[in-house]
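data35.cif (mmCIF, C-alpha atoms and all ligand atoms)
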data_model
loop_
_atom_site.group_PDB
_atom_site.id
_atom_site.type_symbol
_atom_site.label_atom_id
_atom_site.label_comp_id
_atom_site.auth_asym_id
_atom_site.auth_seq_id
_atom_site.Cartn_x
_atom_site.Cartn_y
_atom_site.Cartn_z
ATOM 1 C CA MET A 19 115.379 -93.884 130.463
ATOM 2 C CA GLY A 20 113.335 -95.677 127.871
ATOM 3 C CA PHE A 21 110.960 -95.663 124.950
ATOM 4 C CA VAL A 22 107.471 -96.841 124.153
ATOM 5 C CA GLN A 23 106.969 -98.274 120.674
ATOM 6 C CA GLY A 24 103.588 -99.140 119.206
ATOM 7 C CA ARG A 25 100.949 -98.350 116.635
ATOM 8 C CA PRO A 26 98.419 -95.614 117.368
ATOM 9 C CA ARG A 27 95.023 -95.803 115.641
ATOM 10 C CA PHE A 28 94.383 -92.635 113.671
ATOM 11 C CA GLY A 29 92.028 -90.255 115.432
ATOM 12 C CA ARG A 30 91.581 -92.412 118.578
ATOM 13 C CA THR A 31 93.188 -89.975 121.008
ATOM 14 C CA ALA A 32 91.930 -91.451 124.304
ATOM 15 C CA GLU A 33 92.598 -95.034 123.244
ATOM 16 C CA ASN A 34 96.125 -94.209 121.976
ATOM 17 C CA LEU A 35 97.089 -92.399 125.162
ATOM 18 C CA GLU A 36 95.734 -95.196 127.314
ATOM 19 C CA ARG A 37 97.606 -97.870 125.319
ATOM 20 C CA GLY A 38 100.892 -95.943 125.211
ATOM 21 C CA LEU A 39 100.845 -95.289 128.931
ATOM 22 C CA ALA A 40 99.871 -98.908 129.656
ATOM 23 C CA LEU A 41 102.915 -100.069 127.661
ATOM 24 C CA ALA A 42 105.106 -97.684 129.666
ATOM 25 C CA GLU A 43 103.615 -98.694 133.010
ATOM 26 C CA GLY A 44 105.971 -101.526 133.956
ATOM 27 C CA MET A 45 109.089 -99.910 132.499
ATOM 28 C CA ASP A 46 111.852 -99.158 135.003
ATOM 29 C CA ALA A 47 112.814 -95.641 133.847
ATOM 30 C CA ASP A 48 112.807 -92.080 135.197
ATOM 31 C CA LEU A 49 111.915 -90.790 131.732
ATOM 32 C CA ALA A 50 109.554 -92.560 129.310
ATOM 33 C CA VAL A 51 109.511 -91.292 125.706
ATOM 34 C CA LEU A 52 106.486 -91.974 123.468
ATOM 35 C CA PRO A 53 106.466 -91.461 119.655
ATOM 36 C CA GLU A 54 105.693 -88.359 117.568
ATOM 37 C CA LEU A 55 101.991 -87.467 117.158
ATOM 38 C CA TRP A 56 101.173 -90.393 119.408
ATOM 39 C CA SER A 57 97.734 -89.179 120.437
ATOM 40 C CA SER A 58 96.426 -88.524 116.924
ATOM 41 C CA GLY A 59 98.301 -90.585 114.333
ATOM 42 C CA TYR A 60 100.334 -89.092 111.485
ATOM 43 C CA VAL A 61 98.539 -88.721 108.126
ATOM 44 C CA PHE A 62 95.930 -85.962 108.228
ATOM 45 C CA SER A 63 93.501 -85.664 105.326
ATOM 46 C CA SER A 64 92.490 -82.058 105.842
ATOM 47 C CA ARG A 65 93.051 -79.092 108.087
ATOM 48 C CA GLY A 66 89.566 -79.649 109.479
ATOM 49 C CA GLU A 67 90.628 -83.110 110.610
ATOM 50 C CA LEU A 68 93.781 -81.656 112.164
ATOM 51 C CA ALA A 69 91.751 -78.943 113.912
ATOM 52 C CA ALA A 70 89.488 -81.605 115.426
ATOM 53 C CA LEU A 71 92.455 -83.570 116.820
ATOM 54 C CA ALA A 72 94.816 -80.723 117.785
ATOM 55 C CA GLU A 73 95.295 -80.089 121.489
ATOM 56 C CA ASP A 74 96.113 -77.316 123.873
ATOM 57 C CA ALA A 75 99.537 -78.012 125.383
ATOM 58 C CA ALA A 76 98.420 -77.264 128.935
ATOM 59 C CA THR A 77 94.854 -78.559 129.071
ATOM 60 C CA GLY A 78 94.476 -81.069 126.195
ATOM 61 C CA PRO A 79 94.137 -84.845 126.500
ATOM 62 C CA THR A 80 97.891 -85.554 126.167
ATOM 63 C CA ALA A 81 98.732 -83.097 128.960
ATOM 64 C CA ARG A 82 96.018 -84.527 131.209
ATOM 65 C CA ALA A 83 96.932 -88.167 130.612
ATOM 66 C CA LEU A 84 100.691 -87.646 130.984
ATOM 67 C CA ARG A 85 100.278 -85.500 134.091
ATOM 68 C CA ALA A 86 98.185 -88.208 135.786
ATOM 69 C CA ALA A 87 100.713 -90.921 134.841
ATOM 70 C CA ALA A 88 103.665 -88.764 135.938
ATOM 71 C CA ARG A 89 102.057 -88.164 139.342
ATOM 72 C CA ARG A 90 101.190 -91.802 139.816
ATOM 73 C CA ARG A 91 104.581 -93.177 138.713
ATOM 74 C CA ARG A 92 106.662 -90.239 140.074
ATOM 75 C CA ARG A 93 108.567 -89.867 136.800
ATOM 76 C CA HIS A 94 108.729 -87.823 133.581
ATOM 77 C CA TYR A 95 107.189 -88.487 130.178
ATOM 78 C CA VAL A 96 107.773 -87.074 126.696
ATOM 79 C CA ALA A 97 105.157 -87.567 123.971
ATOM 80 C CA GLY A 98 104.355 -86.087 120.576
ATOM 81 C CA PHE A 99 100.977 -84.456 119.925
ATOM 82 C CA PRO A 100 99.363 -82.088 117.392
ATOM 83 C CA GLU A 101 99.332 -78.706 119.101
ATOM 84 C CA MET A 102 96.844 -75.906 118.554
ATOM 85 C CA HIS A 103 98.036 -72.550 119.821
ATOM 86 C CA ARG A 104 96.036 -69.394 119.090
ATOM 87 C CA GLY A 105 94.633 -70.872 115.874
ATOM 88 C CA ARG A 106 98.053 -72.116 114.672
ATOM 89 C CA PHE A 107 99.079 -75.771 114.421
ATOM 90 C CA PHE A 108 102.424 -77.269 115.380
ATOM 91 C CA ASN A 109 103.881 -80.763 115.402
ATOM 92 C CA SER A 110 104.934 -80.688 119.058
ATOM 93 C CA ALA A 111 106.220 -82.773 121.939
ATOM 94 C CA MET A 112 105.716 -82.106 125.622
ATOM 95 C CA LEU A 113 107.848 -82.964 128.633
ATOM 96 C CA VAL A 114 105.666 -83.681 131.649
ATOM 97 C CA GLY A 115 106.643 -84.386 135.259
ATOM 98 C CA PRO A 116 104.712 -84.921 138.474
ATOM 99 C CA ALA A 117 104.273 -81.120 138.797
ATOM 100 C CA GLY A 118 102.738 -80.829 135.321
ATOM 101 C CA VAL A 119 103.803 -79.777 131.818
ATOM 102 C CA LYS A 120 107.406 -78.644 132.056
ATOM 103 C CA ALA A 121 108.203 -77.789 128.422
ATOM 104 C CA VAL A 122 106.886 -77.870 124.884
ATOM 105 C CA TYR A 123 109.071 -78.311 121.807
ATOM 106 C CA ARG A 124 107.694 -77.485 118.348
ATOM 107 C CA LYS A 125 109.338 -79.470 115.527
ATOM 108 C CA LEU A 126 111.773 -77.253 113.659
ATOM 109 C CA HIS A 127 112.264 -79.340 110.515
ATOM 110 C CA LEU A 128 108.948 -80.406 109.002
ATOM 111 C CA PHE A 129 108.929 -83.400 106.647
ATOM 112 C CA GLU A 130 107.034 -83.655 103.357
ATOM 113 C CA ARG A 131 103.285 -83.021 103.730
ATOM 114 C CA GLU A 132 103.664 -81.958 107.342
ATOM 115 C CA GLN A 133 104.427 -78.615 105.734
ATOM 116 C CA GLU A 134 100.790 -78.431 104.557
ATOM 117 C CA TRP A 135 99.446 -79.157 108.035
ATOM 118 C CA PHE A 136 101.802 -77.495 110.479
ATOM 119 C CA GLU A 137 103.850 -74.347 110.902
ATOM 120 C CA PRO A 138 107.579 -74.783 111.539
ATOM 121 C CA GLY A 139 108.467 -74.646 115.210
ATOM 122 C CA ASP A 140 108.989 -71.189 116.683
ATOM 123 C CA LEU A 141 110.140 -71.968 120.226
ATOM 124 C CA GLY A 142 113.711 -73.019 119.478
ATOM 125 C CA LEU A 143 115.834 -75.598 121.237
ATOM 126 C CA ALA A 144 116.137 -75.874 125.020
ATOM 127 C CA VAL A 145 117.437 -78.155 127.746
ATOM 128 C CA HIS A 146 115.367 -79.121 130.801
ATOM 129 C CA ARG A 147 116.061 -80.749 134.155
ATOM 130 C CA VAL A 148 114.692 -84.238 134.708
ATOM 131 C CA GLY A 149 115.991 -85.183 138.144
ATOM 132 C CA PRO A 150 119.786 -85.019 137.835
ATOM 133 C CA ALA A 151 119.676 -85.280 134.010
ATOM 134 C CA ARG A 152 119.523 -82.469 131.441
ATOM 135 C CA VAL A 153 117.197 -83.394 128.623
ATOM 136 C CA GLY A 154 116.697 -81.787 125.196
ATOM 137 C CA LEU A 155 113.914 -82.614 122.748
ATOM 138 C CA LEU A 156 113.959 -83.209 119.001
ATOM 139 C CA ILE A 157 111.184 -84.667 116.844
ATOM 140 C CA CYS A 158 111.733 -87.266 114.126
ATOM 141 C CA PHE A 159 113.069 -85.599 110.926
ATOM 142 C CA ASP A 160 115.160 -83.228 113.059
ATOM 143 C CA TRP A 161 117.621 -86.177 113.010
ATOM 144 C CA ARG A 162 118.614 -85.141 109.497
ATOM 145 C CA PHE A 163 120.008 -81.808 110.760
ATOM 146 C CA PRO A 164 123.102 -82.424 112.914
ATOM 147 C CA GLU A 165 123.078 -78.730 113.872
ATOM 148 C CA ALA A 166 120.021 -79.331 116.067
ATOM 149 C CA ALA A 167 121.549 -82.162 118.123
ATOM 150 C CA ARG A 168 124.850 -80.256 118.355
ATOM 151 C CA THR A 169 123.035 -77.173 119.644
ATOM 152 C CA LEU A 170 121.369 -79.222 122.389
ATOM 153 C CA ALA A 171 124.707 -80.798 123.330
ATOM 154 C CA LEU A 172 126.376 -77.387 123.514
ATOM 155 C CA MET A 173 123.483 -76.222 125.718
ATOM 156 C CA GLY A 174 124.402 -79.016 128.124
ATOM 157 C CA ALA A 175 122.029 -81.839 127.208
ATOM 158 C CA ASP A 176 122.967 -85.258 128.581
ATOM 159 C CA VAL A 177 120.056 -86.927 126.825
ATOM 160 C CA ILE A 178 118.165 -86.174 123.626
ATOM 161 C CA ALA A 179 114.585 -87.436 123.731
ATOM 162 C CA HIS A 180 113.451 -88.091 120.164
ATOM 163 C CA PRO A 181 109.765 -88.929 119.619
ATOM 164 C CA SER A 182 109.488 -90.145 116.017
ATOM 165 C CA ASN A 183 107.379 -91.473 113.184
ATOM 166 C CA LEU A 184 110.398 -92.492 111.112
ATOM 167 C CA VAL A 185 109.972 -93.447 107.478
ATOM 168 C CA PHE A 186 113.599 -93.750 106.269
ATOM 169 C CA PRO A 187 115.456 -96.884 107.383
ATOM 170 C CA ASP A 188 118.700 -94.931 107.877
ATOM 171 C CA ALA A 189 117.518 -92.678 110.730
ATOM 172 C CA GLN A 190 118.304 -95.206 113.454
ATOM 173 C CA TRP A 191 121.953 -95.501 112.487
ATOM 174 C CA ALA A 192 122.217 -91.750 111.915
ATOM 175 C CA MET A 193 121.028 -91.247 115.500
ATOM 176 C CA ARG A 194 123.927 -93.425 116.666
ATOM 177 C CA THR A 195 126.175 -90.879 114.972
ATOM 178 C CA ARG A 196 124.298 -87.970 116.617
ATOM 179 C CA ALA A 197 124.981 -89.673 119.984
ATOM 180 C CA LEU A 198 128.647 -90.384 119.192
ATOM 181 C CA GLU A 199 129.508 -86.999 117.690
ATOM 182 C CA ASN A 200 127.987 -85.162 120.679
ATOM 183 C CA ARG A 201 128.716 -87.721 123.403
ATOM 184 C CA VAL A 202 125.090 -87.757 124.580
ATOM 185 C CA TYR A 203 122.442 -90.415 125.142
ATOM 186 C CA THR A 204 119.637 -90.522 122.588
ATOM 187 C CA VAL A 205 116.215 -92.099 123.120
ATOM 188 C CA THR A 206 114.325 -92.570 119.851
ATOM 189 C CA ALA A 207 110.699 -93.662 120.354
ATOM 190 C CA ASN A 208 109.346 -94.671 116.963
ATOM 191 C CA ARG A 209 106.000 -96.061 115.864
ATOM 192 C CA THR A 210 105.148 -99.147 113.841
ATOM 193 C CA GLY A 211 102.644 -100.062 111.139
ATOM 194 C CA ALA A 212 101.193 -97.624 108.627
ATOM 195 C CA ASP A 213 98.618 -94.858 108.424
ATOM 196 C CA ASP A 214 96.477 -95.779 105.398
ATOM 197 C CA ARG A 215 94.302 -92.727 104.914
ATOM 198 C CA PRO A 216 92.416 -90.917 102.114
ATOM 199 C CA ALA A 217 95.413 -88.557 101.783
ATOM 200 C CA GLY A 218 97.868 -91.458 101.293
ATOM 201 C CA ARG A 219 99.660 -94.320 102.966
ATOM 202 C CA VAL A 220 102.769 -93.839 105.104
ATOM 203 C CA ALA A 221 104.621 -96.789 106.694
ATOM 204 C CA PHE A 222 106.865 -96.498 109.745
ATOM 205 C CA THR A 223 110.034 -98.337 110.649
ATOM 206 C CA GLY A 224 109.881 -99.194 114.380
ATOM 207 C CA ARG A 225 113.334 -100.195 115.734
ATOM 208 C CA SER A 226 113.187 -97.668 118.557
ATOM 209 C CA GLN A 227 116.433 -97.429 120.488
ATOM 210 C CA VAL A 228 118.430 -96.047 123.385
ATOM 211 C CA VAL A 229 122.004 -95.151 122.347
ATOM 212 C CA ASP A 230 124.911 -94.273 124.644
ATOM 213 C CA PRO A 231 127.521 -91.494 124.205
ATOM 214 C CA ALA A 232 129.831 -93.943 122.406
ATOM 215 C CA GLY A 233 127.144 -94.656 119.798
ATOM 216 C CA ARG A 234 126.334 -98.120 121.192
ATOM 217 C CA VAL A 235 122.737 -99.334 121.143
ATOM 218 C CA LEU A 236 121.743 -100.170 124.732
ATOM 219 C CA ALA A 237 118.115 -101.091 124.045
ATOM 220 C CA ARG A 238 116.302 -101.751 120.805
ATOM 221 C CA ALA A 239 112.849 -102.819 119.614
ATOM 222 C CA GLY A 240 112.034 -104.855 116.525
ATOM 223 C CA ARG A 241 110.383 -103.337 113.457
ATOM 224 C CA GLY A 242 106.810 -104.323 114.317
ATOM 225 C CA GLU A 243 106.886 -104.832 118.078
ATOM 226 C CA SER A 244 104.666 -103.045 120.574
ATOM 227 C CA CYS A 245 106.803 -102.740 123.666
ATOM 228 C CA ALA A 246 108.586 -100.521 126.169
ATOM 229 C CA ARG A 247 112.332 -100.853 126.816
ATOM 230 C CA ALA A 248 114.781 -98.931 128.946
ATOM 231 C CA ALA A 249 118.480 -98.688 129.701
ATOM 232 C CA ARG A 250 120.502 -97.198 132.547
ATOM 233 C CA CYS A 251 122.264 -93.923 131.746
ATOM 234 C CA ASP A 252 125.547 -92.854 133.309
ATOM 235 C CA LEU A 253 125.352 -89.067 133.258
ATOM 236 C CA ASP A 254 129.097 -88.767 133.886
ATOM 237 C CA ALA A 255 129.697 -90.532 130.561
ATOM 238 C CA ALA A 256 127.617 -87.885 128.764
ATOM 239 C CA ARG A 257 129.343 -85.052 130.627
ATOM 240 C CA ASP A 258 132.869 -86.285 129.906
ATOM 241 C CA LYS A 259 133.552 -84.671 126.525
ATOM 242 C CA GLY A 260 137.122 -85.953 126.375
ATOM 243 C CA ILE A 261 137.575 -88.014 123.223
ATOM 244 C CA THR A 262 141.122 -88.828 124.410
ATOM 245 C CA PRO A 263 143.067 -87.310 127.358
ATOM 246 C CA LEU A 264 144.351 -84.504 125.104
ATOM 247 C CA THR A 265 141.380 -84.067 122.786
ATOM 248 C CA HIS A 266 138.210 -82.438 124.075
ATOM 249 C CA LEU A 267 135.140 -82.660 121.849
ATOM 250 C CA PHE A 268 133.917 -79.121 122.425
ATOM 251 C CA ARG A 269 137.214 -77.307 123.037
ATOM 252 C CA SER A 270 138.625 -78.784 119.793
ATOM 253 C CA ARG A 271 135.885 -77.156 117.758
ATOM 254 C CA ARG A 272 136.774 -74.238 115.397
ATOM 255 C CA PRO A 273 133.494 -72.304 115.282
ATOM 256 C CA GLY A 274 135.149 -69.321 113.572
ATOM 257 C CA PHE A 275 135.374 -71.504 110.473
ATOM 258 C CA TYR A 276 131.769 -72.686 110.636
ATOM 259 C CA ARG A 277 129.988 -69.402 109.847
ATOM 260 C CA THR A 278 128.547 -70.881 106.648
ATOM 261 C CA LEU A 279 126.578 -73.286 108.825
ATOM 262 C CA VAL A 280 124.362 -70.535 110.189
ATOM 263 C CA ALA A 281 124.181 -68.361 107.055
ATOM 264 C CA PRO A 282 121.008 -68.401 104.952
ATOM 265 C CA VAL A 283 121.070 -70.788 101.972
ATOM 266 C CA GLY A 284 122.806 -69.119 99.011
ATOM 267 C CA ALA A 285 124.830 -66.604 101.058
ATOM 268 C CA ALA A 286 127.858 -68.906 101.257
ATOM 269 C CA ARG A 287 127.785 -69.579 97.510
ATOM 270 C CA ARG A 288 127.535 -65.849 96.769
ATOM 271 C CA ARG A 289 130.501 -65.204 99.086
ATOM 272 C CA THR A 290 132.544 -67.941 97.373
ATOM 273 C CA ARG A 291 131.694 -66.617 93.888
ATOM 274 C CA ARG A 292 132.868 -63.113 94.939
ATOM 275 C CA ARG A 293 136.106 -64.513 96.410
ATOM 276 C CA VAL A 294 137.052 -66.613 93.371
ATOM 277 C CA GLY A 295 136.037 -63.803 91.036
HETATM 278 C C1 LIG A 301 109.014 -87.559 110.102
HETATM 279 O O1 LIG A 301 109.637 -86.537 110.393
HETATM 280 N N1 LIG A 301 107.940 -87.928 110.745
HETATM 281 C C2 LIG A 301 109.489 -88.411 109.003
#
Would it be possible to restate this file's structure as structure tokens?
Ligand code: ACM
Amino acid sequence: MGFVQGRPRFGRTAENLERGLALAEGMDADLAVLPELWSSGYVFSSRGELAALAEDAATGPTARALRAAARRRRRHYVAGFPEMHRGRFFNSAMLVGPAGVKAVYRKLHLFEREQEWFEPGDLGLAVHRVGPARVGLLICFDWRFPEAARTLALMGADVIAHPSNLVFPDAQWAMRTRALENRVYTVTANRTGADDRPAGRVAFTGRSQVVDPAGRVLARAGRGESCARAARCDLDAARDKGITPLTHLFRSRRPGFYRTLVAPVGAARRRTRRRVG
């Protein structure tokens, strides 16, 4: 599996899709992951602008372009796009195979001004079959929440596809930890350049990567490169959760002691205050 890295031009949906899929064309991979909001670009100036660029997940330009490529190349694609669903907007990614759109993921953890443009995802986390592999989706800033990657791993993901528009330089190494701590492959497809728009300028960090279940980088792009790169994945390595012969990653967990993780913010502190008097 592999990533496409490049620089979309804001608002040029058809051109961006064509360029991203052209970059992917020669890549030897069963799954090609393109960046977050690839069809539109990232920095919206108004909701009107977002409404003009947002797409239906089944019939919009990203679905049509990926479906045609998936049929032609007999493989799967993941790409980020601005989704419009019943008048609501989501920062979404779709998984598309030769038979059509297989799944949509709506970003759970919105970053900064995305919160003005999009609603937080409401579809939850899920794992999908891509040939013999089980693939889960996250989008960009979801990297900062290890609970999300852990949930996908516990659901059986072998691979986490991670379309991104990363702005912090530490996300790439954090994703190596997400891979290591869950013993999964991660494919981060990031964009390059900057969106310099009336609403502000945001620069992106490139350095897309494929990471193996030991946290090793198998394929990597430079900061400003436009390219597509892939690496072979050994699904058995992702399914072997033995850290050592006697220590199993999942069976060693103590979820009874992790309740605070899924409690609303503040509840744990209130409980602690009560306990210590
Ligand atoms: C981001 O989530 N695009 C930083």
**Message:** Calculated over all atoms listed in the file, which of the candidates A:Ala189, A:Ala217, A:Val228, A:Ala42 has the smallest distance to ligand LIG 301 (chain A)?
**Reply:** A:Ala189
Which residues, written as a PDB file with C-alpha atoms, keeping the file's coordinate frame, have at least one atom at most 12 Å from A:Arg131, with all atoms listed in the file counted and residues fewer than 5 positions away on the same chain left out?
ATOM      1  CA  TYR A  60     100.334 -89.092 111.485  1.00  0.00           C
ATOM      2  CA  VAL A  61      98.539 -88.721 108.126  1.00  0.00           C
ATOM      3  CA  PHE A  62      95.930 -85.962 108.228  1.00  0.00           C
ATOM      4  CA  SER A  63      93.501 -85.664 105.326  1.00  0.00           C
ATOM      5  CA  SER A  64      92.490 -82.058 105.842  1.00  0.00           C
ATOM      6  CA  ARG A  65      93.051 -79.092 108.087  1.00  0.00           C
ATOM      7  CA  ASN A 109     103.881 -80.763 115.402  1.00  0.00           C
ATOM      8  CA  PHE A 136     101.802 -77.495 110.479  1.00  0.00           C
ATOM      9  CA  GLU A 137     103.850 -74.347 110.902  1.00  0.00           C
ATOM     10  CA  ALA A 217      95.413 -88.557 101.783  1.00  0.00           C
ATOM     11  CA  GLY A 218      97.868 -91.458 101.293  1.00  0.00           C
ATOM     12  CA  ARG A 219      99.660 -94.320 102.966  1.00  0.00           C
ATOM     13  CA  VAL A 220     102.769 -93.839 105.104  1.00  0.00           C
TER      14      VAL A 220
END
**Request:** Give the residue list for ligand LIG 301 (chain A) at 9 Å, counting only C-alpha atoms and all ligand atoms, as a VMD selection string, sorted by chain and then by residue number.
**Result:** chain A and resid 54 to 55 60 125 127 to 130 132 157 to 161 182 to 186 222
**Message:** Using the chain letters and numbers from this file, what does the PyMOL selection byres (((chain A and resi 211) around 7) and not hetatm) select? Give the answer as an MDAnalysis selection string.
**Reply:** chainID A and resid 25 210 212 221:222 242
**Request:** For A:Ala40, list every protein, DNA or RNA residue within 10 Å, evaluated using only C-alpha atoms, and leave out those in the same chain fewer than 6 positions away; present the list as a PyMOL selection string.
**Result:** chain A and resi 22+34+87+245-246
**Message:** Let me make sure I understand: among A:Ala255, A:Ala239, A:Ala75, A:Ala69, which one has the smallest atom-to-atom distance to A:Gly20 if we use all atoms listed in the file?
**Reply:** A:Ala239
**Message:** One decimal, in Å: what's the spacing between atom CA of A:Arg209 and atom CA of A:Met193?
**Reply:**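 Going from atom CA of A:Arg209 over to atom CA of A:Met193 covers 15.8 Å.
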**Contacts of stretch 141-143 of chain A within 12 Å, all atoms listed in the file, excl. fewer than 2 positions in-chain, as a PyMOL selection string** = chain A and resi 108-111+121-127+137-139+145-146+153-157+160+165-175+178
Generate a file of the selected residues that holds C-alpha atoms, formatted as an mmCIF file, keeping the file's coordinate frame.
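Okay, this is what ended up in again.cif:
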data_model
loop_
_atom_site.group_PDB
_atom_site.id
_atom_site.type_symbol
_atom_site.label_atom_id
_atom_site.label_comp_id
_atom_site.auth_asym_id
_atom_site.auth_seq_id
_atom_site.Cartn_x
_atom_site.Cartn_y
_atom_site.Cartn_z
ATOM 1 C CA PHE A 108 102.424 -77.269 115.380
ATOM 2 C CA ASN A 109 103.881 -80.763 115.402
ATOM 3 C CA SER A 110 104.934 -80.688 119.058
ATOM 4 C CA ALA A 111 106.220 -82.773 121.939
ATOM 5 C CA ALA A 121 108.203 -77.789 128.422
ATOM 6 C CA VAL A 122 106.886 -77.870 124.884
ATOM 7 C CA TYR A 123 109.071 -78.311 121.807
ATOM 8 C CA ARG A 124 107.694 -77.485 118.348
ATOM 9 C CA LYS A 125 109.338 -79.470 115.527
ATOM 10 C CA LEU A 126 111.773 -77.253 113.659
ATOM 11 C CA HIS A 127 112.264 -79.340 110.515
ATOM 12 C CA GLU A 137 103.850 -74.347 110.902
ATOM 13 C CA PRO A 138 107.579 -74.783 111.539
ATOM 14 C CA GLY A 139 108.467 -74.646 115.210
ATOM 15 C CA VAL A 145 117.437 -78.155 127.746
ATOM 16 C CA HIS A 146 115.367 -79.121 130.801
ATOM 17 C CA VAL A 153 117.197 -83.394 128.623
ATOM 18 C CA GLY A 154 116.697 -81.787 125.196
ATOM 19 C CA LEU A 155 113.914 -82.614 122.748
ATOM 20 C CA LEU A 156 113.959 -83.209 119.001
ATOM 21 C CA ILE A 157 111.184 -84.667 116.844
ATOM 22 C CA ASP A 160 115.160 -83.228 113.059
ATOM 23 C CA GLU A 165 123.078 -78.730 113.872
ATOM 24 C CA ALA A 166 120.021 -79.331 116.067
ATOM 25 C CA ALA A 167 121.549 -82.162 118.123
ATOM 26 C CA ARG A 168 124.850 -80.256 118.355
ATOM 27 C CA THR A 169 123.035 -77.173 119.644
ATOM 28 C CA LEU A 170 121.369 -79.222 122.389
ATOM 29 C CA ALA A 171 124.707 -80.798 123.330
ATOM 30 C CA LEU A 172 126.376 -77.387 123.514
ATOM 31 C CA MET A 173 123.483 -76.222 125.718
ATOM 32 C CA GLY A 174 124.402 -79.016 128.124
ATOM 33 C CA ALA A 175 122.029 -81.839 127.208
ATOM 34 C CA ILE A 178 118.165 -86.174 123.626
#
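Reported to one decimal place, the separation of atom CA of A:Val229 from atom CA of A:Ser57 is 25.1 Å.
Distances to A:Cys251 were evaluated for A:Leu198, A:Leu39, A:Val51, A:Met19 using all atoms listed in the file, and the minimum falls at A:Met19.
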List as a CSV table (one decimal) with C-alpha atoms, keeping the file's coordinate frame the protein and nucleic acid residues near A:Pro79, meaning an atom at most 9 Å away when all atoms listed in the file are counted, but skip any in the same chain fewer than 3 places from it.
chain,number,residue,atom,x,y,z
A,31,THR,CA,93.2,-90.0,121.0
A,32,ALA,CA,91.9,-91.5,124.3
A,35,LEU,CA,97.1,-92.4,125.2
A,57,SER,CA,97.7,-89.2,120.4
A,73,GLU,CA,95.3,-80.1,121.5
A,74,ASP,CA,96.1,-77.3,123.9
A,75,ALA,CA,99.5,-78.0,125.4
A,82,ARG,CA,96.0,-84.5,131.2
A,83,ALA,CA,96.9,-88.2,130.6
A,84,LEU,CA,100.7,-87.6,131.0
**Message:** Translate the PyMOL selection byres (((chain A and resi 45) around 8) and not hetatm) into a concrete residue list for this structure, as a PyMOL selection string.
**Reply:** chain A and resi 20+41-44+46-47+246-248
With C-alpha atoms kept, could you save the residues just selected as a CSV table (one decimal), keeping the file's coordinate frame?
chain,number,residue,atom,x,y,z
A,20,GLY,CA,113.3,-95.7,127.9
A,41,LEU,CA,102.9,-100.1,127.7
A,42,ALA,CA,105.1,-97.7,129.7
A,43,GLU,CA,103.6,-98.7,133.0
A,44,GLY,CA,106.0,-101.5,134.0
A,46,ASP,CA,111.9,-99.2,135.0
A,47,ALA,CA,112.8,-95.6,133.8
A,246,ALA,CA,108.6,-100.5,126.2
A,247,ARG,CA,112.3,-100.9,126.8
A,248,ALA,CA,114.8,-98.9,128.9
**Top pick for closest residue to A:Arg196, considering A:Arg27, A:Arg162, A:His103, A:Arg89 and counting all atoms listed in the file** = A:Arg162
**Asked** Written as a PyMOL selection string, which residues does the PyMOL selection byres (((chain A and resi 244) around 6) and not hetatm) give for the file shown?
**Response** chain A and resi 23-24+243+245
**Request:** Between A:Arg104, A:Arg241, A:Arg30, A:Arg90, single out the one closest to A:Pro116, counting all atoms listed in the file.
**Result:** A:Arg90
**Request:** Find the distance between atom CA of A:Arg238 and atom CA of A:Trp191 and write it in Å to one decimal.
**Result:**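 Calculated distance between atom CA of A:Arg238 and atom CA of A:Trp191 is 11.8 Å.
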Centre and edges of the stretch 238-251 of chain A box, axis-aligned, 6 Å extra per side, as AutoDock Vina command-line options:
--center_x 113.5 --center_y -99.4 --center_z 123.0 --size_x 29.6 --size_y 22.9 --size_z 31.1
**Prompt:** Taking into account all atoms listed in the file, which residue in the set A:Leu253, A:Leu68, A:Asn200, A:Arg85 is nearest to A:Gly105?
**Reply:** A:Leu68
